[in-house]
$ cat structure28.cif   # mmCIF, C-alpha atoms (C1' of nucleotides)
data_coords
#
loop_
_atom_site.label_atom_id
_atom_site.label_comp_id
_atom_site.auth_asym_id
_atom_site.auth_seq_id
_atom_site.Cartn_x
_atom_site.Cartn_y
_atom_site.Cartn_z
CA MET A 1 13.05 1.81 20.33
CA LYS A 2 10.77 3.41 17.73
CA ILE A 3 9.67 1.35 14.71
CA ALA A 4 7.38 2.68 11.98
CA THR A 5 5.63 1.50 8.82
CA TRP A 6 4.50 3.57 5.84
CA ASN A 7 3.06 2.60 2.48
CA VAL A 8 4.49 5.48 0.44
CA ASN A 9 2.82 4.67 -2.92
CA SER A 10 5.98 5.37 -4.96
CA LEU A 11 9.21 6.26 -3.16
CA LYS A 12 10.27 8.26 -6.21
CA VAL A 13 7.39 10.66 -5.66
CA ARG A 14 7.47 10.55 -1.86
CA LEU A 15 11.25 10.67 -1.16
CA PRO A 16 11.22 14.29 0.09
CA GLN A 17 8.36 13.46 2.45
CA VAL A 18 10.15 10.36 3.72
CA LEU A 19 13.34 12.33 4.41
CA ASP A 20 11.34 15.03 6.23
CA TRP A 21 9.48 12.40 8.23
CA LEU A 22 12.71 10.64 9.29
CA ALA A 23 14.19 13.95 10.43
CA ALA A 24 11.06 14.94 12.35
CA HIS A 25 10.32 11.60 14.07
CA GLN A 26 13.74 9.92 14.31
CA PRO A 27 12.49 6.31 14.23
CA ASP A 28 15.12 3.60 14.77
CA VAL A 29 13.50 1.69 11.91
CA LEU A 30 11.17 2.78 9.10
CA CYS A 31 9.61 0.04 6.97
CA LEU A 32 8.30 1.11 3.55
CA GLN A 33 5.89 -0.55 1.13
CA GLU A 34 4.98 0.16 -2.49
CA THR A 35 8.35 1.70 -3.27
CA LYS A 36 7.70 0.80 -6.95
CA LEU A 37 11.44 0.91 -7.71
CA GLU A 38 13.93 -1.58 -9.03
CA ASP A 39 16.85 -1.93 -6.62
CA VAL A 40 19.27 -0.21 -9.04
CA ASN A 41 17.07 2.90 -8.95
CA PHE A 42 16.67 3.01 -5.16
CA PRO A 43 17.66 6.43 -3.71
CA THR A 44 20.29 4.90 -1.42
CA ALA A 45 22.67 7.87 -1.38
CA GLU A 46 19.96 10.37 -0.41
CA ILE A 47 18.90 8.16 2.50
CA THR A 48 22.34 7.14 3.79
CA ALA A 49 23.28 10.84 3.78
CA THR A 50 20.75 11.26 6.61
CA GLY A 51 22.42 8.56 8.71
CA TYR A 52 20.07 5.68 7.90
CA GLN A 53 21.12 2.34 6.43
CA VAL A 54 19.10 0.80 3.60
CA LEU A 55 17.70 -2.63 2.78
CA LYS A 56 15.47 -2.94 -0.25
CA SER A 57 13.70 -5.54 -2.34
CA GLY A 58 11.93 -3.95 -5.26
CA GLN A 59 10.67 -4.38 -8.80
CA LYS A 60 9.49 -2.17 -11.63
CA THR A 61 6.09 -0.43 -11.43
CA TYR A 62 4.46 -2.39 -8.58
CA ASN A 63 5.09 -3.57 -5.02
CA GLY A 64 8.57 -3.20 -3.49
CA VAL A 65 9.56 -3.02 0.20
CA ALA A 66 12.45 -1.40 2.07
CA ILE A 67 13.80 -1.03 5.59
CA LEU A 68 15.62 2.13 6.70
CA SER A 69 17.44 1.77 10.01
CA LYS A 70 19.93 3.55 12.23
CA ASN A 71 21.56 0.22 13.15
CA PRO A 72 22.88 -2.50 10.86
CA ALA A 73 20.73 -5.47 9.82
CA THR A 74 21.49 -9.20 9.76
CA GLU A 75 19.64 -12.38 8.72
CA VAL A 76 17.96 -10.64 5.77
CA VAL A 77 15.14 -12.56 4.06
CA THR A 78 13.24 -11.32 0.96
CA ALA A 79 10.48 -13.90 0.56
CA ILE A 80 8.25 -16.28 2.47
CA PRO A 81 10.23 -19.56 2.48
CA CYS A 82 8.70 -22.36 0.38
CA PHE A 83 6.19 -19.98 -1.23
CA VAL A 84 6.70 -19.14 -4.90
CA ASP A 85 5.95 -15.46 -5.56
CA VAL A 86 7.47 -13.16 -8.19
CA GLN A 87 6.03 -10.10 -6.40
CA LYS A 88 8.36 -8.27 -4.00
CA ARG A 89 6.29 -8.01 -0.84
CA VAL A 90 8.50 -9.25 2.00
CA LEU A 91 11.63 -7.97 3.74
CA ALA A 92 12.74 -9.40 7.09
CA ALA A 93 15.84 -8.55 9.10
CA THR A 94 17.21 -8.57 12.62
CA ILE A 95 18.10 -5.09 13.86
CA ALA A 96 19.36 -4.26 17.36
CA GLY A 97 18.22 -7.67 18.56
CA VAL A 98 14.68 -7.29 17.23
CA ARG A 99 13.35 -9.43 14.38
CA ILE A 100 11.49 -7.15 11.95
CA ILE A 101 9.16 -8.54 9.28
CA ASN A 102 8.04 -5.89 6.79
CA LEU A 103 5.03 -6.93 4.69
CA TYR A 104 3.07 -5.62 1.75
CA ILE A 105 0.17 -8.06 1.85
CA PRO A 106 -1.72 -8.40 -1.46
CA ASN A 107 -4.72 -6.12 -1.98
CA GLY A 108 -7.05 -8.81 -3.34
CA GLN A 109 -8.91 -6.48 -5.72
CA SER A 110 -12.38 -8.02 -5.15
CA VAL A 111 -13.60 -11.11 -3.32
CA ASP A 112 -14.57 -12.92 -6.54
CA SER A 113 -11.21 -12.35 -8.28
CA ASP A 114 -8.14 -14.55 -8.75
CA LYS A 115 -6.20 -11.92 -6.82
CA PHE A 116 -8.38 -12.58 -3.78
CA GLN A 117 -7.43 -16.27 -3.87
CA TYR A 118 -3.78 -15.24 -4.21
CA LYS A 119 -4.21 -13.01 -1.13
CA LEU A 120 -5.69 -15.85 0.96
CA GLY A 121 -2.99 -18.30 -0.18
CA TRP A 122 -0.34 -15.71 0.62
CA LEU A 123 -1.78 -15.20 4.12
CA GLY A 124 -1.79 -18.96 4.74
CA ALA A 125 1.88 -19.28 3.81
CA LEU A 126 2.70 -16.21 5.89
CA THR A 127 1.03 -17.65 8.98
CA ALA A 128 2.97 -20.90 8.75
CA TRP A 129 6.25 -18.98 8.34
CA LEU A 130 5.52 -16.61 11.24
CA ALA A 131 4.83 -19.50 13.62
CA ASP A 132 8.41 -20.56 12.95
CA GLU A 133 9.82 -17.02 13.20
CA LEU A 134 8.04 -16.47 16.51
CA ALA A 135 9.54 -19.65 17.91
CA ARG A 136 13.03 -18.49 16.89
CA HIS A 137 12.76 -14.81 17.81
CA PRO A 138 11.11 -13.83 21.11
CA LYS A 139 11.49 -10.16 20.14
CA LEU A 140 9.43 -10.06 16.93
CA VAL A 141 7.68 -7.21 15.11
CA VAL A 142 5.39 -7.97 12.15
CA LEU A 143 4.31 -4.79 10.40
CA GLY A 144 3.27 -3.23 7.16
CA ASP A 145 0.31 -2.76 4.84
CA PHE A 146 -1.92 -5.73 5.66
CA ASN A 147 -4.78 -4.64 3.39
CA ILE A 148 -7.18 -5.96 6.05
CA ALA A 149 -9.35 -3.96 8.45
CA PRO A 150 -9.68 -6.41 11.36
CA GLU A 151 -12.73 -5.05 13.19
CA GLU A 152 -15.84 -2.92 12.65
CA ARG A 153 -14.26 -0.02 14.53
CA ASP A 154 -11.45 -0.04 11.93
CA VAL A 155 -13.90 0.85 9.13
CA HIS A 156 -15.67 4.20 8.66
CA ASP A 157 -18.85 2.51 7.38
CA PRO A 158 -18.82 -1.18 8.36
CA LYS A 159 -22.28 -1.85 6.85
CA ALA A 160 -21.20 -0.57 3.43
CA TRP A 161 -17.90 -2.48 3.62
CA GLU A 162 -19.36 -5.77 4.91
CA GLY A 163 -18.25 -8.61 2.64
CA GLN A 164 -16.11 -6.29 0.52
CA VAL A 165 -12.40 -6.82 -0.09
CA LEU A 166 -10.29 -5.48 2.84
CA PHE A 167 -13.13 -6.25 5.30
CA SER A 168 -14.50 -9.64 4.22
CA LEU A 169 -14.82 -12.48 6.72
CA PRO A 170 -12.14 -14.72 5.11
CA GLU A 171 -9.62 -11.87 5.33
CA ARG A 172 -10.56 -10.99 8.89
CA GLU A 173 -10.30 -14.66 9.87
CA ALA A 174 -6.85 -14.85 8.27
CA PHE A 175 -5.82 -11.79 10.30
CA ARG A 176 -7.22 -13.48 13.41
CA ARG A 177 -5.12 -16.58 12.74
CA LEU A 178 -2.01 -14.37 12.57
CA VAL A 179 -2.83 -12.68 15.87
CA ASP A 180 -3.64 -16.07 17.42
CA LEU A 181 -0.03 -17.14 16.90
CA GLY A 182 0.55 -14.96 19.96
CA LEU A 183 0.93 -11.48 18.44
CA ALA A 184 -0.66 -8.29 19.72
CA ASP A 185 -2.18 -5.56 17.53
CA SER A 186 -0.08 -2.82 19.15
CA PHE A 187 -2.54 -0.06 18.21
CA ARG A 188 -5.17 -1.62 20.48
CA LEU A 189 -2.82 -1.93 23.47
CA PHE A 190 -3.33 1.79 24.09
CA GLU A 191 -6.22 4.23 24.28
CA GLN A 192 -6.87 5.69 20.83
CA PRO A 193 -9.05 8.40 19.30
CA GLU A 194 -12.42 7.26 17.93
CA LYS A 195 -12.50 6.62 14.17
CA SER A 196 -8.74 6.11 13.76
CA TYR A 197 -7.75 4.98 10.27
CA SER A 198 -4.48 4.58 8.35
CA TRP A 199 -5.74 4.77 4.72
CA TRP A 200 -8.15 7.09 2.92
CA ASP A 201 -9.11 6.86 -0.76
CA TYR A 202 -7.75 9.64 -2.95
CA ARG A 203 -11.25 10.10 -4.38
CA MET A 204 -14.44 11.62 -3.02
CA ASN A 205 -12.63 13.88 -0.55
CA ALA A 206 -12.33 10.77 1.60
CA PHE A 207 -9.62 12.14 3.88
CA ARG A 208 -11.45 15.39 4.59
CA ARG A 209 -14.57 13.36 5.43
CA ASN A 210 -12.51 10.78 7.41
CA MET A 211 -13.84 7.96 5.22
CA GLY A 212 -10.96 5.63 6.03
CA LEU A 213 -9.89 2.13 6.97
CA ARG A 214 -7.24 0.95 9.44
CA ILE A 215 -5.31 -1.53 7.29
CA ASP A 216 -1.68 -0.76 8.27
CA HIS A 217 -0.65 -2.61 11.39
CA ILE A 218 2.21 -3.31 13.80
CA LEU A 219 1.97 -6.67 15.58
CA LEU A 220 4.20 -7.42 18.56
CA SER A 221 5.36 -10.67 20.16
CA PRO A 222 4.50 -11.03 23.88
CA ALA A 223 7.96 -9.93 25.06
CA LEU A 224 7.64 -6.65 23.15
CA ALA A 225 3.93 -6.10 23.84
CA GLU A 226 4.77 -6.24 27.53
CA ILE A 227 7.15 -3.28 27.25
CA GLY A 228 5.13 -1.32 24.67
CA LYS A 229 4.82 2.42 25.38
CA SER A 230 2.71 3.78 22.51
CA CYS A 231 1.36 3.22 19.01
CA THR A 232 0.23 6.16 16.91
CA ILE A 233 -1.00 6.93 13.40
CA ASP A 234 0.49 10.13 11.98
CA LYS A 235 -2.51 11.70 10.23
CA GLU A 236 -0.44 14.86 9.64
CA ALA A 237 1.51 13.12 6.86
CA ARG A 238 -1.78 12.52 4.97
CA LYS A 239 -2.36 16.30 4.93
CA ALA A 240 0.78 17.01 2.89
CA GLU A 241 0.76 18.22 -0.68
CA ARG A 242 0.82 15.12 -2.92
CA PRO A 243 0.42 12.72 0.03
CA SER A 244 0.52 8.96 0.01
CA ASP A 245 -2.99 7.58 0.54
CA HIS A 246 -1.60 5.81 3.65
CA ALA A 247 -0.44 7.43 6.89
CA PRO A 248 2.63 6.23 8.82
CA VAL A 249 2.09 4.10 11.94
CA MET A 250 4.73 4.05 14.68
CA VAL A 251 5.22 1.93 17.79
CA GLU A 252 7.55 2.66 20.71
CA PHE A 253 8.77 0.16 23.29
"C1'" DA B 1 -24.09 5.61 -11.12
"C1'" DT B 2 -18.75 0.06 -10.80
"C1'" DG B 3 -17.58 6.42 -11.24
"C1'" DG B 4 -14.83 9.56 -8.13
"C1'" DC B 5 -8.00 10.05 -7.70
"C1'" DT B 6 -2.95 8.78 -8.13
"C1'" DT B 7 0.99 6.33 -10.07
"C1'" DG B 8 3.81 4.09 -13.72
"C1'" DA B 9 4.43 3.03 -18.40
"C1'" DG B 10 5.13 5.87 -22.09
"C1'" DT B 11 2.96 9.47 -25.62
"C1'" DG B 12 -2.55 6.25 -26.08
"C1'" DT B 13 -4.77 5.42 -22.39
"C1'" DC B 14 -4.79 1.61 -19.50
"C1'" DA B 15 -3.72 -1.49 -15.19
"C1'" DA B 16 -3.69 -1.37 -10.40
"C1'" DG B 17 -4.39 0.28 -6.08
"C1'" DA B 18 -7.88 -0.02 -1.72
#
$ encode --input "structure28.cif" --output "structure tokens"
Amino acid sequence: MKIATWNVNSLKVRLPQVLDWLAAHQPDVLCLQETKLEDVNFPTAEITATGYQVLKSGQKTYNGVAILSKNPATEVVTAIPCFVDVQKRVLAATIAGVRIINLYIPNGQSVDSDKFQYKLGWLGALTAWLADELARHPKLVVLGDFNIAPEERDVHDPKAWEGQVLFSLPEREAFRRLVDLGLADSFRLFEQPEKSYSWWDYRMNAFRRNMGLRIDHILLSPALAEIGKSCTIDKEARKAERPSDHAPVMVEF
DNA sequence: ATGGCTTGAGTGTCAAGA
């Protein structure tokens, strides 16, 4: 089974690239973040025409998540239970016996901002929910745009990024608490190229200079980590004309 | 140097992303 995640930074702009990517890579499931579309404007017909089914939870202008899958979904959830949030950042479903939790974790803006506190509160509620989900679903995948680079090797210039949003200690500790529930960072289960990142700033020729961060992740429960075959970042997608600033990440098990 | 690009909203130019 192949499961992928991609922050597309506007599905309206990126739809042709998403359709091309589905055709080329044939994932069983593709989780999207930052669709930036209300559900009534979601390009359902274009996607179902390619043989994929659609789940979406979106809003105007910001945020928005979706799951495209070859198989039908059940037990759909669109929010962290018992956590009040008007922002559409969560979409969970069970597909082909695997529980999939698609996340667009808040950015946090800067460590001294209100948005940073919102991010940490969000991560706390997420961790409590995932403990429960993991107990219910032995085959669990938690993936998406985490907006956290967990380790120094996930940052092109760790000294410059030390203490900054996306790489601050409170965020990295929150990521650690997620992993400590018993989830594996699938990317690190396999040998990877040096300086592998999943996001590069649009500015400063950051992609050409490989000034990136690895902030998009696929976490696997023990039962799935055990049968994992590969996890790859598709840098090719970042080379497209009008690319998303994030590259897709795909796991196979 | 708090900039540098891209998107959405909306027709000015700003908020937000990471």
$ interface_residues --input "structure28.cif" --of "chain B" --to "chain A" --cutoff "10 Å" --atoms "all atoms listed in the file" --output "VMD selection string"
chain B and resid 4 to 9 16 to 18
$ write_last_selection --input "structure28.cif" --atoms "C-alpha atoms (C1' of nucleotides)" --output "PDB file, in the coordinates of the input"
ATOM      1  C1'  DG B   4     -14.830   9.560  -8.130  1.00  0.00           C
ATOM      2  C1'  DC B   5      -8.000  10.050  -7.700  1.00  0.00           C
ATOM      3  C1'  DT B   6      -2.950   8.780  -8.130  1.00  0.00           C
ATOM      4  C1'  DT B   7       0.990   6.330 -10.070  1.00  0.00           C
ATOM      5  C1'  DG B   8       3.810   4.090 -13.720  1.00  0.00           C
ATOM      6  C1'  DA B   9       4.430   3.030 -18.400  1.00  0.00           C
ATOM      7  C1'  DA B  16      -3.690  -1.370 -10.400  1.00  0.00           C
ATOM      8  C1'  DG B  17      -4.390   0.280  -6.080  1.00  0.00           C
ATOM      9  C1'  DA B  18      -7.880  -0.020  -1.720  1.00  0.00           C
TER      10       DA B  18
END
$ closest_residue --input "structure28.cif" --among "A:Gly182, A:Val84, A:Glu75, A:Phe207" --to "Leu130 of chain A" --atoms "all atoms listed in the file"
A:Gly182
$ closest_residue --input "structure28.cif" --among "A:Arg238, A:Arg176, A:Lys139, A:Lys88" --to "Phe253 of chain A" --atoms "only C-alpha atoms"
A:Lys139
$ atom_distance --input "structure28.cif" --atom1 "atom CA of Val142 of chain A" --atom2 "atom CA of Asn102 of chain A"
6.3 Å
$ atom_distance --input "structure28.cif" --atom1 "atom CA of Lys239 of chain A" --atom2 "atom CA of Ser57 of chain A"
28.1 Å
$ residues_around --input "structure28.cif" --residues "Ala125 of chain A" --least-positions-apart "6" --cutoff "10 Å" --atoms "all atoms listed in the file" --output "JSON, numbers by chain"
{"A": [80, 81, 82, 83, 84]}
$ atom_distance --input "structure28.cif" --atom1 "atom CA of Glu151 of chain A" --atom2 "atom CA of Tyr104 of chain A"
19.5 Å
$ residues_near_point --input "structure28.cif" --point "(3.7, -6.1, 21.1)" --cutoff "10 Å" --atoms "all atoms listed in the file" --output "PyMOL selection string"
chain A and resi 139-142+182-189+218-229+231+251-253
$ resolve_selection --input "structure28.cif" --expression "the PyMOL selection byres ((chain A and resi 26) around 10)" --output "list in words"
Lys2, Ile3, Ala4, Asp20, Trp21, Leu22, Ala23, Ala24, His25, Pro27, Asp28, Val29, Leu30, Tyr52, Ser69 and Lys70 of chain A
$ closest_residue --input "structure28.cif" --among "A:Glu236, A:Glu191, A:Asp216, A:Glu46" --to "Leu143 of chain A" --atoms "all atoms listed in the file"
A:Asp216
$ resolve_selection --input "structure28.cif" --expression "the PyMOL selection byres ((chain A and resi 194) around 12)" --output "list in words"
Glu152, Arg153, Asp154, Val155, His156, Arg188, Glu191, Gln192, Pro193, Lys195, Ser196, Tyr197, Asn210 and Arg214 of chain A
$ closest_residue --input "structure28.cif" --among "A:Ala160, A:Asn71, A:Arg89, A:Gln17" --to "Lys56 of chain A" --atoms "only C-alpha atoms"
A:Arg89
$ resolve_selection --input "structure28.cif" --expression "the PyMOL selection byres ((chain A and resi 96) around 9)" --output "ChimeraX atom specification"
/A:71-73,94-95,97-99
$ closest_residue --input "structure28.cif" --among "A:Val40, A:Ala135, A:Ala174, A:Ala237" --to "Gly121 of chain A" --atoms "all atoms listed in the file"
A:Ala174
$ closest_residue --input "structure28.cif" --among "A:Ile47, A:Ala206, A:Leu91, A:Ala66" --to "His246 of chain A" --atoms "all atoms listed in the file"
A:Ala206
$ axis_aligned_box --input "structure28.cif" --around "segment 1-13 of chain B" --padding-each-side "3 Å" --output "JSON"
{"center_x": -9.5, "center_y": 5.1, "center_z": -16.9, "size_x": 35.2, "size_y": 16.0, "size_z": 24.4}
$ build_atoms --input "structure28.cif" --residues "segment 108-130 of chain A" --atoms "N, CA and C atoms" --output "compact mmCIF listing (two decimals), in the coordinates of the input"
# COMPACT_ATOMS: atom_id res chain seq x y z
N GLY A 108 -5.92 -7.91 -3.13
CA GLY A 108 -7.05 -8.81 -3.34
C GLY A 108 -8.10 -8.35 -4.33
N GLN A 109 -8.05 -7.08 -4.68
CA GLN A 109 -8.91 -6.48 -5.72
C GLN A 109 -10.42 -6.60 -5.45
N SER A 110 -10.97 -7.81 -5.51
CA SER A 110 -12.38 -8.02 -5.15
C SER A 110 -12.53 -9.49 -4.75
N VAL A 111 -13.54 -9.78 -3.93
CA VAL A 111 -13.60 -11.11 -3.32
C VAL A 111 -13.85 -12.23 -4.33
N ASP A 112 -14.33 -11.87 -5.53
CA ASP A 112 -14.57 -12.92 -6.54
C ASP A 112 -13.45 -12.99 -7.59
N SER A 113 -12.30 -12.38 -7.30
CA SER A 113 -11.21 -12.35 -8.28
C SER A 113 -10.13 -13.38 -7.96
N ASP A 114 -9.31 -13.69 -8.96
CA ASP A 114 -8.14 -14.55 -8.75
C ASP A 114 -7.19 -13.93 -7.74
N LYS A 115 -7.11 -12.60 -7.74
CA LYS A 115 -6.20 -11.92 -6.82
C LYS A 115 -6.61 -12.11 -5.36
N PHE A 116 -7.90 -12.31 -5.14
CA PHE A 116 -8.38 -12.58 -3.78
C PHE A 116 -7.88 -13.95 -3.32
N GLN A 117 -7.94 -14.94 -4.21
CA GLN A 117 -7.43 -16.27 -3.87
C GLN A 117 -5.92 -16.23 -3.61
N TYR A 118 -5.22 -15.44 -4.43
CA TYR A 118 -3.78 -15.24 -4.21
C TYR A 118 -3.53 -14.63 -2.84
N LYS A 119 -4.35 -13.65 -2.45
CA LYS A 119 -4.21 -13.01 -1.13
C LYS A 119 -4.40 -14.04 -0.01
N LEU A 120 -5.42 -14.87 -0.10
CA LEU A 120 -5.69 -15.85 0.96
C LEU A 120 -4.59 -16.91 1.01
N GLY A 121 -4.10 -17.34 -0.14
CA GLY A 121 -2.99 -18.30 -0.18
C GLY A 121 -1.73 -17.71 0.43
N TRP A 122 -1.51 -16.45 0.11
CA TRP A 122 -0.34 -15.71 0.62
C TRP A 122 -0.41 -15.64 2.15
N LEU A 123 -1.60 -15.32 2.67
CA LEU A 123 -1.78 -15.20 4.12
C LEU A 123 -1.59 -16.55 4.82
N GLY A 124 -2.00 -17.63 4.16
CA GLY A 124 -1.79 -18.96 4.74
C GLY A 124 -0.32 -19.29 4.86
N ALA A 125 0.43 -19.02 3.78
CA ALA A 125 1.88 -19.28 3.81
C ALA A 125 2.57 -18.39 4.83
N LEU A 126 2.12 -17.14 4.92
CA LEU A 126 2.70 -16.21 5.89
C LEU A 126 2.52 -16.72 7.32
N THR A 127 1.33 -17.20 7.62
CA THR A 127 1.03 -17.65 8.98
C THR A 127 1.93 -18.82 9.38
N ALA A 128 2.11 -19.75 8.47
CA ALA A 128 2.97 -20.90 8.75
C ALA A 128 4.41 -20.44 9.00
N TRP A 129 4.88 -19.49 8.19
CA TRP A 129 6.25 -18.98 8.34
C TRP A 129 6.39 -18.25 9.68
N LEU A 130 5.41 -17.42 10.02
CA LEU A 130 5.52 -16.61 11.24
C LEU A 130 5.49 -17.45 12.51
